[in-house]
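K.L.:
My structure is in run39.txt, and what it holds is compact mmCIF, N, CA and C atoms:
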```txt
# COMPACT_ATOMS: atom_id res chain seq x y z
N MET A 159 -8.66 6.59 -26.78
CA MET A 159 -7.78 7.36 -25.94
C MET A 159 -6.49 7.64 -26.73
N ASP A 160 -6.07 8.88 -26.68
CA ASP A 160 -4.87 9.22 -27.44
C ASP A 160 -3.60 8.78 -26.71
N ASP A 161 -2.51 8.72 -27.46
CA ASP A 161 -1.25 8.21 -26.92
C ASP A 161 -0.67 9.11 -25.83
N ASP A 162 -0.90 10.42 -25.91
CA ASP A 162 -0.36 11.34 -24.90
C ASP A 162 -1.00 11.09 -23.53
N LEU A 163 -2.32 10.89 -23.52
CA LEU A 163 -2.99 10.60 -22.25
C LEU A 163 -2.56 9.24 -21.71
N TRP A 164 -2.45 8.26 -22.57
CA TRP A 164 -2.00 6.94 -22.14
C TRP A 164 -0.58 7.00 -21.58
N ALA A 165 0.27 7.85 -22.16
CA ALA A 165 1.64 7.99 -21.65
C ALA A 165 1.66 8.55 -20.23
N LEU A 166 0.65 9.33 -19.85
CA LEU A 166 0.54 9.83 -18.48
C LEU A 166 0.04 8.75 -17.53
N ILE A 167 -0.90 7.94 -18.01
CA ILE A 167 -1.57 6.97 -17.15
C ILE A 167 -0.75 5.69 -16.95
N GLU A 168 -0.15 5.19 -18.00
CA GLU A 168 0.51 3.87 -17.94
C GLU A 168 1.53 3.72 -16.82
N PRO A 169 2.41 4.71 -16.58
CA PRO A 169 3.38 4.54 -15.50
C PRO A 169 2.76 4.50 -14.10
N LEU A 170 1.53 4.97 -13.96
CA LEU A 170 0.86 4.98 -12.66
C LEU A 170 0.24 3.63 -12.30
N LEU A 171 0.04 2.78 -13.29
CA LEU A 171 -0.66 1.51 -13.08
C LEU A 171 0.25 0.51 -12.38
N PRO A 172 -0.30 -0.21 -11.41
CA PRO A 172 0.51 -1.22 -10.72
C PRO A 172 0.85 -2.37 -11.67
N PRO A 173 2.03 -2.95 -11.52
CA PRO A 173 2.40 -4.06 -12.41
C PRO A 173 1.54 -5.29 -12.15
N TRP A 174 1.34 -6.06 -13.18
CA TRP A 174 0.57 -7.30 -13.04
C TRP A 174 1.49 -8.36 -12.46
N PRO A 175 1.02 -9.15 -11.49
CA PRO A 175 1.88 -10.18 -10.90
C PRO A 175 2.39 -11.16 -11.96
N GLU A 176 3.66 -11.52 -11.87
CA GLU A 176 4.28 -12.42 -12.86
C GLU A 176 3.58 -13.76 -12.92
N LYS A 177 3.24 -14.32 -11.77
CA LYS A 177 2.65 -15.65 -11.73
C LYS A 177 1.18 -15.59 -11.36
N ALA A 178 0.44 -14.70 -12.00
CA ALA A 178 -0.98 -14.58 -11.72
C ALA A 178 -1.71 -15.80 -12.26
N PRO A 179 -2.62 -16.37 -11.47
CA PRO A 179 -3.36 -17.53 -11.96
C PRO A 179 -4.37 -17.12 -13.03
N GLY A 180 -4.78 -18.08 -13.82
CA GLY A 180 -5.81 -17.82 -14.81
C GLY A 180 -5.24 -17.42 -16.15
N PRO A 181 -6.13 -17.06 -17.06
CA PRO A 181 -5.69 -16.69 -18.41
C PRO A 181 -4.93 -15.37 -18.42
N ARG A 182 -4.24 -15.13 -19.50
CA ARG A 182 -3.49 -13.88 -19.66
C ARG A 182 -4.47 -12.70 -19.55
N PRO A 183 -4.12 -11.69 -18.76
CA PRO A 183 -5.08 -10.58 -18.57
C PRO A 183 -5.25 -9.72 -19.82
N VAL A 184 -6.43 -9.09 -19.88
CA VAL A 184 -6.70 -8.12 -20.94
C VAL A 184 -5.73 -6.95 -20.75
N PRO A 185 -5.13 -6.43 -21.82
CA PRO A 185 -4.21 -5.30 -21.66
C PRO A 185 -4.85 -4.13 -20.92
N ASP A 186 -4.03 -3.45 -20.11
CA ASP A 186 -4.53 -2.34 -19.29
C ASP A 186 -5.20 -1.25 -20.13
N ARG A 187 -4.62 -0.94 -21.26
CA ARG A 187 -5.18 0.14 -22.08
C ARG A 187 -6.59 -0.21 -22.56
N LEU A 188 -6.79 -1.46 -22.95
CA LEU A 188 -8.13 -1.88 -23.37
C LEU A 188 -9.11 -1.86 -22.21
N CYS A 189 -8.65 -2.29 -21.03
CA CYS A 189 -9.52 -2.24 -19.85
C CYS A 189 -9.91 -0.81 -19.52
N LEU A 190 -8.97 0.10 -19.59
CA LEU A 190 -9.28 1.50 -19.31
C LEU A 190 -10.29 2.03 -20.32
N GLN A 191 -10.14 1.65 -21.56
CA GLN A 191 -11.10 2.09 -22.57
C GLN A 191 -12.49 1.50 -22.28
N GLY A 192 -12.53 0.26 -21.80
CA GLY A 192 -13.80 -0.34 -21.41
C GLY A 192 -14.43 0.38 -20.24
N ILE A 193 -13.61 0.75 -19.27
CA ILE A 193 -14.09 1.50 -18.10
C ILE A 193 -14.67 2.84 -18.55
N LEU A 194 -13.95 3.53 -19.39
CA LEU A 194 -14.42 4.83 -19.89
C LEU A 194 -15.69 4.68 -20.70
N TYR A 195 -15.79 3.59 -21.48
CA TYR A 195 -16.99 3.34 -22.28
C TYR A 195 -18.21 3.17 -21.36
N VAL A 196 -18.06 2.36 -20.32
CA VAL A 196 -19.17 2.13 -19.39
C VAL A 196 -19.57 3.43 -18.70
N LEU A 197 -18.60 4.19 -18.23
CA LEU A 197 -18.91 5.43 -17.52
C LEU A 197 -19.51 6.48 -18.45
N TYR A 198 -18.95 6.61 -19.65
CA TYR A 198 -19.44 7.62 -20.59
C TYR A 198 -20.87 7.31 -21.04
N ASN A 199 -21.14 6.04 -21.31
CA ASN A 199 -22.45 5.65 -21.83
C ASN A 199 -23.45 5.32 -20.72
N ASP A 200 -23.00 5.40 -19.46
CA ASP A 200 -23.87 5.18 -18.31
C ASP A 200 -24.63 3.86 -18.42
N ILE A 201 -23.86 2.78 -18.65
CA ILE A 201 -24.46 1.46 -18.75
C ILE A 201 -23.96 0.59 -17.60
N ALA A 202 -24.66 -0.48 -17.34
CA ALA A 202 -24.23 -1.43 -16.32
C ALA A 202 -23.00 -2.19 -16.82
N TRP A 203 -22.16 -2.61 -15.90
CA TRP A 203 -20.92 -3.30 -16.27
C TRP A 203 -21.21 -4.53 -17.12
N GLN A 204 -22.27 -5.28 -16.80
CA GLN A 204 -22.55 -6.50 -17.53
C GLN A 204 -23.05 -6.24 -18.94
N LEU A 205 -23.36 -4.98 -19.26
CA LEU A 205 -23.82 -4.64 -20.61
C LEU A 205 -22.70 -4.15 -21.52
N LEU A 206 -21.46 -4.21 -21.06
CA LEU A 206 -20.33 -3.82 -21.92
C LEU A 206 -20.24 -4.82 -23.07
N PRO A 207 -20.38 -4.35 -24.31
CA PRO A 207 -20.36 -5.27 -25.46
C PRO A 207 -19.00 -5.95 -25.62
N SER A 208 -19.01 -7.27 -25.66
CA SER A 208 -17.75 -8.02 -25.78
C SER A 208 -17.09 -7.82 -27.14
N GLU A 209 -17.89 -7.50 -28.16
CA GLU A 209 -17.32 -7.32 -29.51
C GLU A 209 -16.43 -6.08 -29.61
N LEU A 210 -16.45 -5.22 -28.61
CA LEU A 210 -15.57 -4.04 -28.63
C LEU A 210 -14.14 -4.41 -28.27
N GLY A 211 -13.94 -5.58 -27.65
CA GLY A 211 -12.59 -6.04 -27.35
C GLY A 211 -11.99 -5.49 -26.07
N PHE A 212 -12.82 -4.93 -25.19
CA PHE A 212 -12.33 -4.35 -23.95
C PHE A 212 -12.29 -5.37 -22.81
N GLY A 213 -12.67 -6.60 -23.08
CA GLY A 213 -12.82 -7.58 -22.02
C GLY A 213 -14.24 -7.50 -21.48
N SER A 214 -14.54 -8.34 -20.52
CA SER A 214 -15.89 -8.34 -19.95
C SER A 214 -16.07 -7.15 -19.01
N GLY A 215 -17.31 -6.85 -18.73
CA GLY A 215 -17.59 -5.80 -17.76
C GLY A 215 -17.01 -6.13 -16.40
N GLN A 216 -17.06 -7.41 -16.03
CA GLN A 216 -16.51 -7.85 -14.75
C GLN A 216 -14.99 -7.63 -14.71
N THR A 217 -14.32 -7.92 -15.81
CA THR A 217 -12.87 -7.71 -15.89
C THR A 217 -12.54 -6.22 -15.73
N CYS A 218 -13.27 -5.39 -16.44
CA CYS A 218 -13.03 -3.94 -16.36
C CYS A 218 -13.31 -3.42 -14.96
N TRP A 219 -14.40 -3.92 -14.34
CA TRP A 219 -14.75 -3.48 -12.99
C TRP A 219 -13.67 -3.88 -12.01
N ARG A 220 -13.17 -5.11 -12.12
CA ARG A 220 -12.10 -5.56 -11.21
C ARG A 220 -10.83 -4.73 -11.39
N ARG A 221 -10.51 -4.41 -12.61
CA ARG A 221 -9.32 -3.59 -12.86
C ARG A 221 -9.52 -2.20 -12.29
N LEU A 222 -10.71 -1.63 -12.46
CA LEU A 222 -11.01 -0.33 -11.88
C LEU A 222 -10.83 -0.36 -10.37
N GLU A 223 -11.33 -1.41 -9.72
CA GLU A 223 -11.20 -1.55 -8.28
C GLU A 223 -9.74 -1.66 -7.87
N ARG A 224 -8.98 -2.44 -8.62
CA ARG A 224 -7.54 -2.62 -8.33
C ARG A 224 -6.79 -1.30 -8.45
N TRP A 225 -7.09 -0.55 -9.49
CA TRP A 225 -6.43 0.73 -9.70
C TRP A 225 -6.86 1.75 -8.66
N GLN A 226 -8.13 1.73 -8.30
CA GLN A 226 -8.61 2.66 -7.27
C GLN A 226 -7.90 2.39 -5.95
N GLN A 227 -7.78 1.12 -5.58
CA GLN A 227 -7.09 0.75 -4.34
C GLN A 227 -5.62 1.16 -4.37
N ALA A 228 -5.01 1.15 -5.55
CA ALA A 228 -3.60 1.53 -5.70
C ALA A 228 -3.40 3.04 -5.76
N GLY A 229 -4.49 3.81 -5.78
CA GLY A 229 -4.38 5.27 -5.80
C GLY A 229 -4.07 5.86 -7.16
N VAL A 230 -4.30 5.10 -8.22
CA VAL A 230 -3.97 5.55 -9.58
C VAL A 230 -4.71 6.83 -9.94
N PHE A 231 -5.99 6.89 -9.64
CA PHE A 231 -6.79 8.03 -10.09
C PHE A 231 -6.50 9.29 -9.27
N ASP A 232 -6.17 9.13 -8.00
CA ASP A 232 -5.74 10.28 -7.20
C ASP A 232 -4.44 10.86 -7.76
N GLN A 233 -3.51 9.99 -8.09
CA GLN A 233 -2.23 10.44 -8.66
C GLN A 233 -2.45 11.13 -10.00
N LEU A 234 -3.29 10.53 -10.85
CA LEU A 234 -3.56 11.11 -12.16
C LEU A 234 -4.22 12.48 -12.01
N HIS A 235 -5.13 12.60 -11.07
CA HIS A 235 -5.80 13.88 -10.83
C HIS A 235 -4.78 14.95 -10.45
N ARG A 236 -3.87 14.62 -9.56
CA ARG A 236 -2.83 15.58 -9.15
C ARG A 236 -1.93 15.97 -10.32
N ILE A 237 -1.56 15.00 -11.14
CA ILE A 237 -0.70 15.28 -12.30
C ILE A 237 -1.40 16.19 -13.29
N LEU A 238 -2.67 15.90 -13.58
CA LEU A 238 -3.41 16.73 -14.52
C LEU A 238 -3.62 18.15 -13.98
N LEU A 239 -3.93 18.27 -12.69
CA LEU A 239 -4.08 19.60 -12.10
C LEU A 239 -2.77 20.38 -12.13
N ALA A 240 -1.66 19.71 -11.84
CA ALA A 240 -0.36 20.38 -11.87
C ALA A 240 -0.04 20.85 -13.28
N GLY A 241 -0.34 20.04 -14.27
CA GLY A 241 -0.09 20.44 -15.66
C GLY A 241 -0.94 21.62 -16.08
N LEU A 242 -2.21 21.60 -15.69
CA LEU A 242 -3.09 22.73 -16.01
C LEU A 242 -2.66 23.99 -15.28
N HIS A 243 -2.24 23.83 -14.02
CA HIS A 243 -1.77 24.99 -13.26
C HIS A 243 -0.50 25.57 -13.88
N ALA A 244 0.41 24.71 -14.27
CA ALA A 244 1.67 25.18 -14.90
C ALA A 244 1.40 25.91 -16.21
N ALA A 245 0.36 25.49 -16.92
CA ALA A 245 0.01 26.14 -18.19
C ALA A 245 -0.91 27.34 -17.98
N ASP A 246 -1.16 27.70 -16.71
CA ASP A 246 -2.05 28.80 -16.34
C ASP A 246 -3.44 28.64 -16.96
N GLU A 247 -3.94 27.41 -16.91
CA GLU A 247 -5.25 27.09 -17.47
C GLU A 247 -6.33 26.92 -16.41
N LEU A 248 -5.99 27.12 -15.14
CA LEU A 248 -6.98 26.98 -14.08
C LEU A 248 -7.41 28.34 -13.57
N ASP A 249 -8.71 28.50 -13.40
CA ASP A 249 -9.27 29.72 -12.86
C ASP A 249 -9.70 29.44 -11.42
N TRP A 250 -8.81 29.73 -10.47
CA TRP A 250 -9.08 29.41 -9.07
C TRP A 250 -10.11 30.35 -8.44
N SER A 251 -10.53 31.39 -9.15
CA SER A 251 -11.54 32.29 -8.61
C SER A 251 -12.91 31.64 -8.59
N ARG A 252 -13.06 30.52 -9.28
CA ARG A 252 -14.34 29.83 -9.33
C ARG A 252 -14.24 28.42 -8.77
N ALA A 253 -13.50 28.26 -7.70
CA ALA A 253 -13.37 26.96 -7.06
C ALA A 253 -14.38 26.85 -5.93
N CYS A 254 -14.83 25.64 -5.66
CA CYS A 254 -15.73 25.42 -4.54
C CYS A 254 -15.29 24.15 -3.80
N VAL A 255 -15.68 24.07 -2.55
CA VAL A 255 -15.33 22.93 -1.72
C VAL A 255 -16.62 22.29 -1.25
N ASP A 256 -16.70 20.99 -1.44
CA ASP A 256 -17.86 20.23 -0.98
C ASP A 256 -17.60 19.80 0.45
N GLY A 257 -18.37 20.31 1.37
CA GLY A 257 -18.16 20.04 2.78
C GLY A 257 -18.30 18.58 3.17
N SER A 258 -18.96 17.78 2.36
CA SER A 258 -19.11 16.37 2.71
C SER A 258 -17.82 15.59 2.44
N HIS A 259 -16.86 16.21 1.75
CA HIS A 259 -15.61 15.52 1.43
C HIS A 259 -14.39 16.15 2.08
N VAL A 260 -14.59 17.20 2.85
CA VAL A 260 -13.48 17.90 3.46
C VAL A 260 -13.59 17.77 4.97
N ARG A 261 -12.56 17.25 5.59
CA ARG A 261 -12.57 17.06 7.04
C ARG A 261 -12.40 18.41 7.74
N VAL A 262 -13.19 18.63 8.77
CA VAL A 262 -13.13 19.88 9.52
C VAL A 262 -12.32 19.64 10.79
N PHE A 263 -11.32 20.47 11.00
CA PHE A 263 -10.47 20.35 12.17
C PHE A 263 -10.86 21.43 13.18
N GLY A 264 -10.64 21.15 14.43
CA GLY A 264 -10.83 22.15 15.47
C GLY A 264 -12.25 22.27 16.00
N ILE A 265 -13.15 21.38 15.62
CA ILE A 265 -14.51 21.43 16.12
C ILE A 265 -14.58 20.60 17.40
N HIS A 266 -15.05 21.22 18.46
CA HIS A 266 -15.18 20.52 19.73
C HIS A 266 -16.46 19.70 19.70
N PRO A 267 -16.45 18.47 20.22
CA PRO A 267 -17.65 17.61 20.15
C PRO A 267 -18.90 18.25 20.74
N HIS A 268 -18.76 19.12 21.73
CA HIS A 268 -19.93 19.72 22.38
C HIS A 268 -20.57 20.81 21.53
N THR A 269 -19.87 21.28 20.49
CA THR A 269 -20.47 22.29 19.63
C THR A 269 -21.05 21.67 18.36
N ALA A 270 -20.96 20.37 18.24
CA ALA A 270 -21.48 19.69 17.06
C ALA A 270 -23.00 19.71 17.05
N VAL A 271 -23.55 19.53 15.89
CA VAL A 271 -25.00 19.47 15.75
C VAL A 271 -25.49 18.15 16.33
N ARG A 272 -26.50 18.22 17.19
CA ARG A 272 -27.03 17.02 17.85
C ARG A 272 -28.55 16.97 17.68
N TYR A 273 -29.09 15.79 17.73
CA TYR A 273 -30.54 15.63 17.71
C TYR A 273 -31.10 16.01 19.07
N VAL A 274 -32.22 16.71 19.05
CA VAL A 274 -32.86 17.08 20.31
C VAL A 274 -33.98 16.09 20.60
N HIS A 275 -34.57 16.23 21.75
CA HIS A 275 -35.61 15.30 22.19
C HIS A 275 -36.75 15.26 21.19
N ALA A 276 -37.32 14.06 20.98
CA ALA A 276 -38.39 13.87 20.00
C ALA A 276 -39.67 14.61 20.37
N ALA A 277 -39.78 15.14 21.60
CA ALA A 277 -40.97 15.88 22.01
C ALA A 277 -41.09 17.20 21.26
N HIS A 278 -40.00 17.63 20.61
CA HIS A 278 -40.00 18.88 19.85
C HIS A 278 -39.65 18.61 18.39
N PRO A 279 -40.58 18.02 17.59
CA PRO A 279 -40.26 17.68 16.22
C PRO A 279 -39.97 18.89 15.34
N ASP A 280 -40.47 20.07 15.73
CA ASP A 280 -40.21 21.27 14.95
C ASP A 280 -38.77 21.73 15.12
N LYS A 281 -38.07 21.20 16.10
CA LYS A 281 -36.68 21.54 16.35
C LYS A 281 -35.85 20.25 16.25
N ALA A 282 -35.87 19.65 15.08
CA ALA A 282 -35.22 18.34 14.90
C ALA A 282 -33.72 18.41 15.14
N LEU A 283 -33.10 19.52 14.79
CA LEU A 283 -31.66 19.69 15.00
C LEU A 283 -31.43 20.97 15.77
N ALA A 284 -30.48 20.94 16.65
CA ALA A 284 -30.13 22.15 17.39
C ALA A 284 -28.64 22.12 17.70
N LYS A 285 -28.04 23.27 17.80
CA LYS A 285 -26.63 23.34 18.18
C LYS A 285 -26.55 23.39 19.70
N ILE A 286 -25.74 22.54 20.25
CA ILE A 286 -25.53 22.52 21.70
C ILE A 286 -24.24 23.26 21.97
N ARG A 287 -24.32 24.21 22.84
CA ARG A 287 -23.12 25.01 23.16
C ARG A 287 -22.66 24.76 24.55
```
Is it possible to express this structure as structure tokens?

P.N.:
Amino acid sequence: MDDDLWALIEPLLPPWPEKAPGPRPVPDRLCLQGILYVLYNDIAWQLLPSELGFGSGQTCWRRLERWQQAGVFDQLHRILLAGLHAADELDWSRACVDGSHVRVFGIHPHTAVRYVHAAHPDKALAKIR
């Protein structure tokens, strides 16, 4: 990971507790590199090679969970999008929205899709109006 990208990410990371129990933690930058290695190579966390110096797969997974809970990746996504937008590098004419991740407002419960009686298997779903 280059220094410019790390300079964007590091301030977003939550501080490590001063009196954390256990051994001194693996540095955040190394953990992030371990996380990226696992994701890029599509391997199981327990298969992260220890000789790479990223810490164990369990350590990297726990750090990923901690950062996800702190909203680090959502913040980073917004920062990167804002930078790309400011540089006029985004083509919004080719954007799409995945309906499974976007909440729909204004739908009345009675117009929602409902299961119909099992006596009509050819009509498994129907709109009730």

K.L.:
Report the distance between atom N of Arg182 (chain A) and atom C of Leu222 (chain A) in Å, rounded to one decimal place.

P.N.:
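Straight-line distance from atom N of Arg182 (chain A) to atom C of Leu222 (chain A) works out to 18.6 Å.
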
K.L.:
One decimal, in Å: what's the spacing between CA of Val230 (chain A) and CA of Trp250 (chain A)?

P.N.:
24.4 Å

K.L.:
Could you tell me which of A:Asp200, A:Pro173, A:Asp246, A:Leu190 comes closest to Trp219 (chain A) if we count only C-alpha atoms?

P.N.:
A:Leu190

K.L.:
Can you measure atom C of Cys189 (chain A) to atom C of Cys218 (chain A) for me? One decimal in Å is fine.

P.N.:
6.3 Å
